[in-house]
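Dumped start-v4.cif below, it's mmCIF, C-alpha atoms:
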data_run
#
loop_
_atom_site.group_PDB
_atom_site.id
_atom_site.type_symbol
_atom_site.label_atom_id
_atom_site.label_comp_id
_atom_site.auth_asym_id
_atom_site.auth_seq_id
_atom_site.Cartn_x
_atom_site.Cartn_y
_atom_site.Cartn_z
ATOM 1 C CA MET A 1125 23.626 117.443 100.582
ATOM 2 C CA LYS A 1126 26.514 115.028 100.448
ATOM 3 C CA LEU A 1127 29.866 116.007 102.071
ATOM 4 C CA ARG A 1128 33.128 114.675 100.725
ATOM 5 C CA SER A 1129 35.665 113.258 103.050
ATOM 6 C CA LEU A 1130 39.086 114.963 103.048
ATOM 7 C CA THR A 1131 40.689 111.549 103.101
ATOM 8 C CA THR A 1132 39.497 110.395 99.686
ATOM 9 C CA GLY A 1133 40.438 111.207 96.138
ATOM 10 C CA TRP A 1134 42.056 114.470 95.118
ATOM 11 C CA HIS A 1135 41.860 116.033 98.589
ATOM 12 C CA ALA A 1136 43.841 113.255 100.225
ATOM 13 C CA ARG A 1137 46.644 113.582 97.699
ATOM 14 C CA SER A 1138 46.657 117.382 98.021
ATOM 15 C CA TRP A 1139 46.860 117.270 101.815
ATOM 16 C CA ALA A 1140 49.611 114.665 101.603
ATOM 17 C CA ARG A 1141 51.612 116.936 99.288
ATOM 18 C CA VAL A 1142 51.115 119.911 101.584
ATOM 19 C CA GLY A 1143 52.261 117.805 104.542
ATOM 20 C CA VAL A 1144 55.384 116.638 102.739
ATOM 21 C CA LEU A 1145 56.234 120.208 101.690
ATOM 22 C CA LEU A 1146 55.805 121.443 105.259
ATOM 23 C CA LEU A 1147 58.075 118.706 106.558
ATOM 24 C CA LEU A 1148 60.719 119.580 103.969
ATOM 25 C CA LEU A 1149 60.556 123.320 104.668
ATOM 26 C CA LEU A 1150 60.300 123.087 108.460
ATOM 27 C CA PRO A 1151 64.082 122.851 109.083
ATOM 28 C CA LEU A 1152 64.601 126.077 107.091
ATOM 29 C CA ALA A 1153 62.108 128.084 109.072
ATOM 30 C CA GLY A 1154 62.976 127.435 112.691
ATOM 31 C CA PRO A 1155 65.806 128.475 114.983
ATOM 32 C CA GLY A 1156 67.510 125.187 114.131
ATOM 33 C CA ALA A 1157 67.944 126.373 110.548
ATOM 34 C CA ALA A 1158 70.831 125.137 108.451
ATOM 35 C CA ARG A 1159 74.278 125.648 109.945
ATOM 36 C CA PRO A 1160 76.206 128.544 108.458
ATOM 37 C CA SER A 1161 79.168 127.646 106.282
ATOM 38 C CA GLN A 1162 82.758 128.251 107.339
ATOM 39 C CA VAL A 1163 83.116 131.203 104.996
ATOM 40 C CA GLN A 1164 79.965 132.767 106.482
ATOM 41 C CA VAL A 1165 81.256 132.284 110.031
ATOM 42 C CA ALA A 1166 84.692 133.654 109.089
ATOM 43 C CA ARG A 1167 83.138 136.743 107.508
ATOM 44 C CA GLN A 1168 80.768 137.264 110.436
ATOM 45 C CA PHE A 1169 83.688 136.953 112.877
ATOM 46 C CA LEU A 1170 85.913 139.397 110.993
ATOM 47 C CA LEU A 1171 83.161 141.961 110.526
ATOM 48 C CA ALA A 1172 82.397 141.804 114.253
ATOM 49 C CA VAL A 1173 86.076 142.377 115.095
ATOM 50 C CA LEU A 1174 86.386 145.220 112.573
ATOM 51 C CA ARG A 1175 83.345 146.927 114.142
ATOM 52 C CA GLY A 1176 84.735 146.420 117.639
ATOM 53 C CA GLU A 1177 81.987 143.946 118.588
ATOM 54 C CA TYR A 1178 84.379 141.771 120.566
ATOM 55 C CA THR A 1179 81.726 139.900 122.570
ATOM 56 C CA THR A 1180 80.006 138.741 119.376
ATOM 57 C CA ALA A 1181 83.319 137.719 117.804
ATOM 58 C CA TYR A 1182 84.473 135.929 120.981
ATOM 59 C CA GLN A 1183 81.373 133.698 120.872
ATOM 60 C CA LEU A 1184 82.422 132.458 117.407
ATOM 61 C CA LEU A 1185 85.687 131.017 118.712
ATOM 62 C CA ALA A 1186 86.043 127.265 119.149
ATOM 63 C CA PRO A 1187 85.274 126.057 122.702
ATOM 64 C CA GLN A 1188 88.881 124.960 123.246
ATOM 65 C CA VAL A 1189 90.073 128.460 122.347
ATOM 66 C CA ARG A 1190 87.571 130.148 124.688
ATOM 67 C CA ALA A 1191 88.628 127.727 127.434
ATOM 68 C CA THR A 1192 92.240 128.948 127.234
ATOM 69 C CA THR A 1193 91.701 132.580 126.213
ATOM 70 C CA THR A 1194 89.893 135.159 128.309
ATOM 71 C CA ALA A 1195 87.733 137.825 126.694
ATOM 72 C CA LYS A 1196 90.386 140.394 127.647
ATOM 73 C CA GLN A 1197 93.159 138.350 125.995
ATOM 74 C CA PHE A 1198 90.992 137.915 122.921
ATOM 75 C CA ARG A 1199 90.362 141.645 122.682
ATOM 76 C CA ARG A 1200 94.105 142.308 122.866
ATOM 77 C CA ALA A 1201 94.797 139.709 120.140
ATOM 78 C CA ALA A 1202 92.031 141.135 117.928
ATOM 79 C CA GLN A 1203 93.172 144.755 118.345
ATOM 80 C CA PRO A 1204 95.532 144.745 115.296
ATOM 81 C CA LEU A 1205 92.631 143.616 113.073
ATOM 82 C CA TYR A 1206 90.404 146.339 114.517
ATOM 83 C CA ASP A 1207 93.158 148.933 113.962
ATOM 84 C CA GLN A 1208 93.501 147.889 110.304
ATOM 85 C CA GLY A 1209 89.740 148.258 109.928
ATOM 86 C CA GLN A 1210 89.926 151.782 111.324
ATOM 87 C CA GLN A 1211 92.524 152.654 108.685
ATOM 88 C CA ARG A 1212 91.083 150.786 105.693
ATOM 89 C CA GLY A 1213 87.354 150.559 106.397
ATOM 90 C CA THR A 1214 85.224 147.574 107.351
ATOM 91 C CA SER A 1215 84.328 146.346 103.848
ATOM 92 C CA ILE A 1216 86.059 143.056 103.088
ATOM 93 C CA ASP A 1217 86.122 140.491 100.288
ATOM 94 C CA LEU A 1218 87.089 136.836 100.268
ATOM 95 C CA TYR A 1219 90.601 136.632 98.796
ATOM 96 C CA LYS A 1220 91.492 132.950 99.039
ATOM 97 C CA LEU A 1221 90.626 129.766 100.845
ATOM 98 C CA GLY A 1222 92.156 126.368 101.236
ATOM 99 C CA TYR A 1223 93.902 123.971 103.573
ATOM 100 C CA ARG A 1224 97.133 124.206 105.539
ATOM 101 C CA MET A 1225 99.188 121.391 106.991
ATOM 102 C CA GLY A 1226 99.936 121.791 110.679
ATOM 103 C CA GLU A 1227 103.007 120.737 112.623
ATOM 104 C CA ASN A 1228 101.421 117.379 113.444
ATOM 105 C CA ASN A 1229 100.299 116.817 109.836
ATOM 106 C CA ASP A 1230 96.813 117.956 110.751
ATOM 107 C CA VAL A 1231 94.904 119.731 108.004
ATOM 108 C CA ARG A 1232 93.277 123.074 108.812
ATOM 109 C CA SER A 1233 90.759 124.989 106.686
ATOM 110 C CA PHE A 1234 91.550 128.662 106.208
ATOM 111 C CA TYR A 1235 89.887 131.723 104.708
ATOM 112 C CA SER A 1236 91.701 134.950 103.891
ATOM 113 C CA PHE A 1237 89.921 138.225 103.293
ATOM 114 C CA THR A 1238 91.226 141.542 102.038
ATOM 115 C CA PHE A 1239 89.923 145.047 102.488
ATOM 116 C CA LYS A 1240 87.928 146.380 99.545
ATOM 117 C CA SER A 1241 90.082 149.491 99.749
ATOM 118 C CA ASP A 1242 92.986 147.266 98.584
ATOM 119 C CA SER A 1243 91.086 145.956 95.561
ATOM 120 C CA LEU A 1244 93.107 147.996 93.047
ATOM 121 C CA ALA A 1245 96.464 146.898 94.446
ATOM 122 C CA ALA A 1246 98.342 144.148 92.598
ATOM 123 C CA VAL A 1247 98.924 142.397 95.915
ATOM 124 C CA PRO A 1248 96.895 143.248 99.007
ATOM 125 C CA THR A 1249 98.757 145.059 101.762
ATOM 126 C CA VAL A 1250 97.287 142.835 104.440
ATOM 127 C CA GLN A 1251 95.071 139.756 104.627
ATOM 128 C CA LEU A 1252 92.673 138.917 107.427
ATOM 129 C CA ASP A 1253 93.112 135.218 108.094
ATOM 130 C CA VAL A 1254 90.748 132.811 109.873
ATOM 131 C CA THR A 1255 91.469 129.120 110.508
ATOM 132 C CA PHE A 1256 89.145 126.245 111.434
ATOM 133 C CA ARG A 1257 90.043 122.898 113.036
ATOM 134 C CA ASP A 1258 88.969 120.964 109.920
ATOM 135 C CA SER A 1259 86.613 121.198 106.962
ATOM 136 C CA THR A 1260 83.483 120.572 109.059
ATOM 137 C CA ALA A 1261 84.113 122.854 112.050
ATOM 138 C CA THR A 1262 82.091 126.057 112.315
ATOM 139 C CA ARG A 1263 83.960 127.645 115.212
ATOM 140 C CA ILE A 1264 87.189 129.566 114.739
ATOM 141 C CA LEU A 1265 90.447 128.023 115.871
ATOM 142 C CA SER A 1266 92.766 130.966 115.100
ATOM 143 C CA PHE A 1267 92.886 134.315 113.354
ATOM 144 C CA GLY A 1268 95.381 136.992 112.432
ATOM 145 C CA LEU A 1269 96.884 139.311 109.868
ATOM 146 C CA ILE A 1270 99.095 138.193 106.982
ATOM 147 C CA PRO A 1271 101.653 139.658 106.796
ATOM 148 C CA ALA A 1272 101.615 140.577 110.426
ATOM 149 C CA PRO A 1273 102.235 144.244 111.077
ATOM 150 C CA GLN A 1274 105.806 144.940 112.075
ATOM 151 C CA THR A 1275 106.412 146.446 115.473
ATOM 152 C CA THR A 1276 109.222 148.838 116.221
ATOM 153 C CA ARG A 1277 111.900 147.524 118.530
ATOM 154 C CA LYS A 1278 112.813 149.554 121.580
#
Write-out of the structure in structure tokens:
Amino acid sequence: MKLRSLTTGWHARSWARVGVLLLLLLPLAGPGAARPSQVQVARQFLLAVLRGEYTTAYQLLAPQVRATTTAKQFRRAAQPLYDQGQQRGTSIDLYKLGYRMGENNDVRSFYSFTFKSDSLAAVPTVQLDVTFRDSTATRILSFGLIPAPQTTRK
């Protein structure tokens, strides 16, 4: 009985193809999978805040923001977003995205979301806004409500 070598003919080409496919798919399978996009990070951040998962949301902030903002300060800043979520629900949709010019002519990427409960309104009552340092950053530089809720003066 004659055995064929796996390194000759059809088998060699088949194993080579399998090897190439494994190498191509390997980055998708492991913990080092593709980086999430900015819109995915923004949505994940906002949903965490709306659910009151402040620790999860805090970890999505840019390192320079975490270096200057304590978890307690962050929770206080995120409270108006959480409150809006309690009133309107935690379902959100992407409303608009783009770039803003900063004071120093720096360009910041932003993503604004609205509550699904506002979907029938001509103009949303409030937008949940998330800003990134630039178009490649995947950590949040700032966030807030547009228009900001008005406070009563004492």
Smallest atom-to-atom distance to A:Thr1260: which of A:Val1231, A:Val1189, A:Ser1241, A:Tyr1182, using all atoms listed in the file?
->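 Closest residue, counting all atoms listed in the file: A:Val1231.
Minimum atom-to-atom distance to A:Arg1200, evaluated using only C-alpha atoms, belongs to A:Val1173 out of A:Thr1214, A:Phe1256, A:Met1225, A:Val1173.
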Specify as a count of residues only each residue included when the PyMOL selection byres ((chain A and resi 1178) around 12) is applied to this file.
-> 29
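Candidate residues A:Ile1264, A:Val1247, A:Leu1221, A:Ile1270 were compared for distance to A:Tyr1235, and the nearest is A:Leu1221, using only C-alpha atoms.
Here atom CA of A:Thr1262 stands at a distance of 11.9 Å from atom CA of A:Ala1158.
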Which of these, A:Ser1266, A:Ser1243, A:Asn1228, A:Thr1238, has the shortest distance to A:Thr1193 once you count only C-alpha atoms?
->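 Answer, going by the shortest atom-to-atom distance: A:Ser1266.
Counting only C-alpha atoms and comparing A:Thr1192, A:Ser1233, A:Gln1164, A:Gln1208, the residue that lies closest to A:Gln1251 is A:Gln1208.
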Contacts of A:Val1250 at 12 Å or less, counting all atoms listed in the file, minus same-chain residues fewer than 3 places along, as a VMD selection string?
-> chain A and resid 1204 to 1205 1208 to 1209 1211 to 1212 1216 1219 1236 to 1243 1245 to 1247 1253 1268 to 1274
I need the residues from that last selection saved to file as a PDB file, in the coordinates of the input (with C-alpha atoms), if you can.
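Result written to out_11.pdb:
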ATOM      1  CA  PRO A1204      95.532 144.745 115.296  1.00  0.00           C
ATOM      2  CA  LEU A1205      92.631 143.616 113.073  1.00  0.00           C
ATOM      3  CA  GLN A1208      93.501 147.889 110.304  1.00  0.00           C
ATOM      4  CA  GLY A1209      89.740 148.258 109.928  1.00  0.00           C
ATOM      5  CA  GLN A1211      92.524 152.654 108.685  1.00  0.00           C
ATOM      6  CA  ARG A1212      91.083 150.786 105.693  1.00  0.00           C
ATOM      7  CA  ILE A1216      86.059 143.056 103.088  1.00  0.00           C
ATOM      8  CA  TYR A1219      90.601 136.632  98.796  1.00  0.00           C
ATOM      9  CA  SER A1236      91.701 134.950 103.891  1.00  0.00           C
ATOM     10  CA  PHE A1237      89.921 138.225 103.293  1.00  0.00           C
ATOM     11  CA  THR A1238      91.226 141.542 102.038  1.00  0.00           C
ATOM     12  CA  PHE A1239      89.923 145.047 102.488  1.00  0.00           C
ATOM     13  CA  LYS A1240      87.928 146.380  99.545  1.00  0.00           C
ATOM     14  CA  SER A1241      90.082 149.491  99.749  1.00  0.00           C
ATOM     15  CA  ASP A1242      92.986 147.266  98.584  1.00  0.00           C
ATOM     16  CA  SER A1243      91.086 145.956  95.561  1.00  0.00           C
ATOM     17  CA  ALA A1245      96.464 146.898  94.446  1.00  0.00           C
ATOM     18  CA  ALA A1246      98.342 144.148  92.598  1.00  0.00           C
ATOM     19  CA  VAL A1247      98.924 142.397  95.915  1.00  0.00           C
ATOM     20  CA  ASP A1253      93.112 135.218 108.094  1.00  0.00           C
ATOM     21  CA  GLY A1268      95.381 136.992 112.432  1.00  0.00           C
ATOM     22  CA  LEU A1269      96.884 139.311 109.868  1.00  0.00           C
ATOM     23  CA  ILE A1270      99.095 138.193 106.982  1.00  0.00           C
ATOM     24  CA  PRO A1271     101.653 139.658 106.796  1.00  0.00           C
ATOM     25  CA  ALA A1272     101.615 140.577 110.426  1.00  0.00           C
ATOM     26  CA  PRO A1273     102.235 144.244 111.077  1.00  0.00           C
ATOM     27  CA  GLN A1274     105.806 144.940 112.075  1.00  0.00           C
TER      28      GLN A1274
END
Interatomic distance (Å, one decimal) between atom CA of A:Pro1187 and atom CA of A:Asn1229 |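 It comes out at 21.8 Å.
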Here atom CA of A:Pro1160 and atom CA of A:Ser1259 stand apart by 12.8 Å
For A:Gln1162, which of A:Thr1255, A:Phe1267, A:Gln1210, A:Asp1230 is the closest residue, counting only C-alpha atoms?
-> A:Thr1255
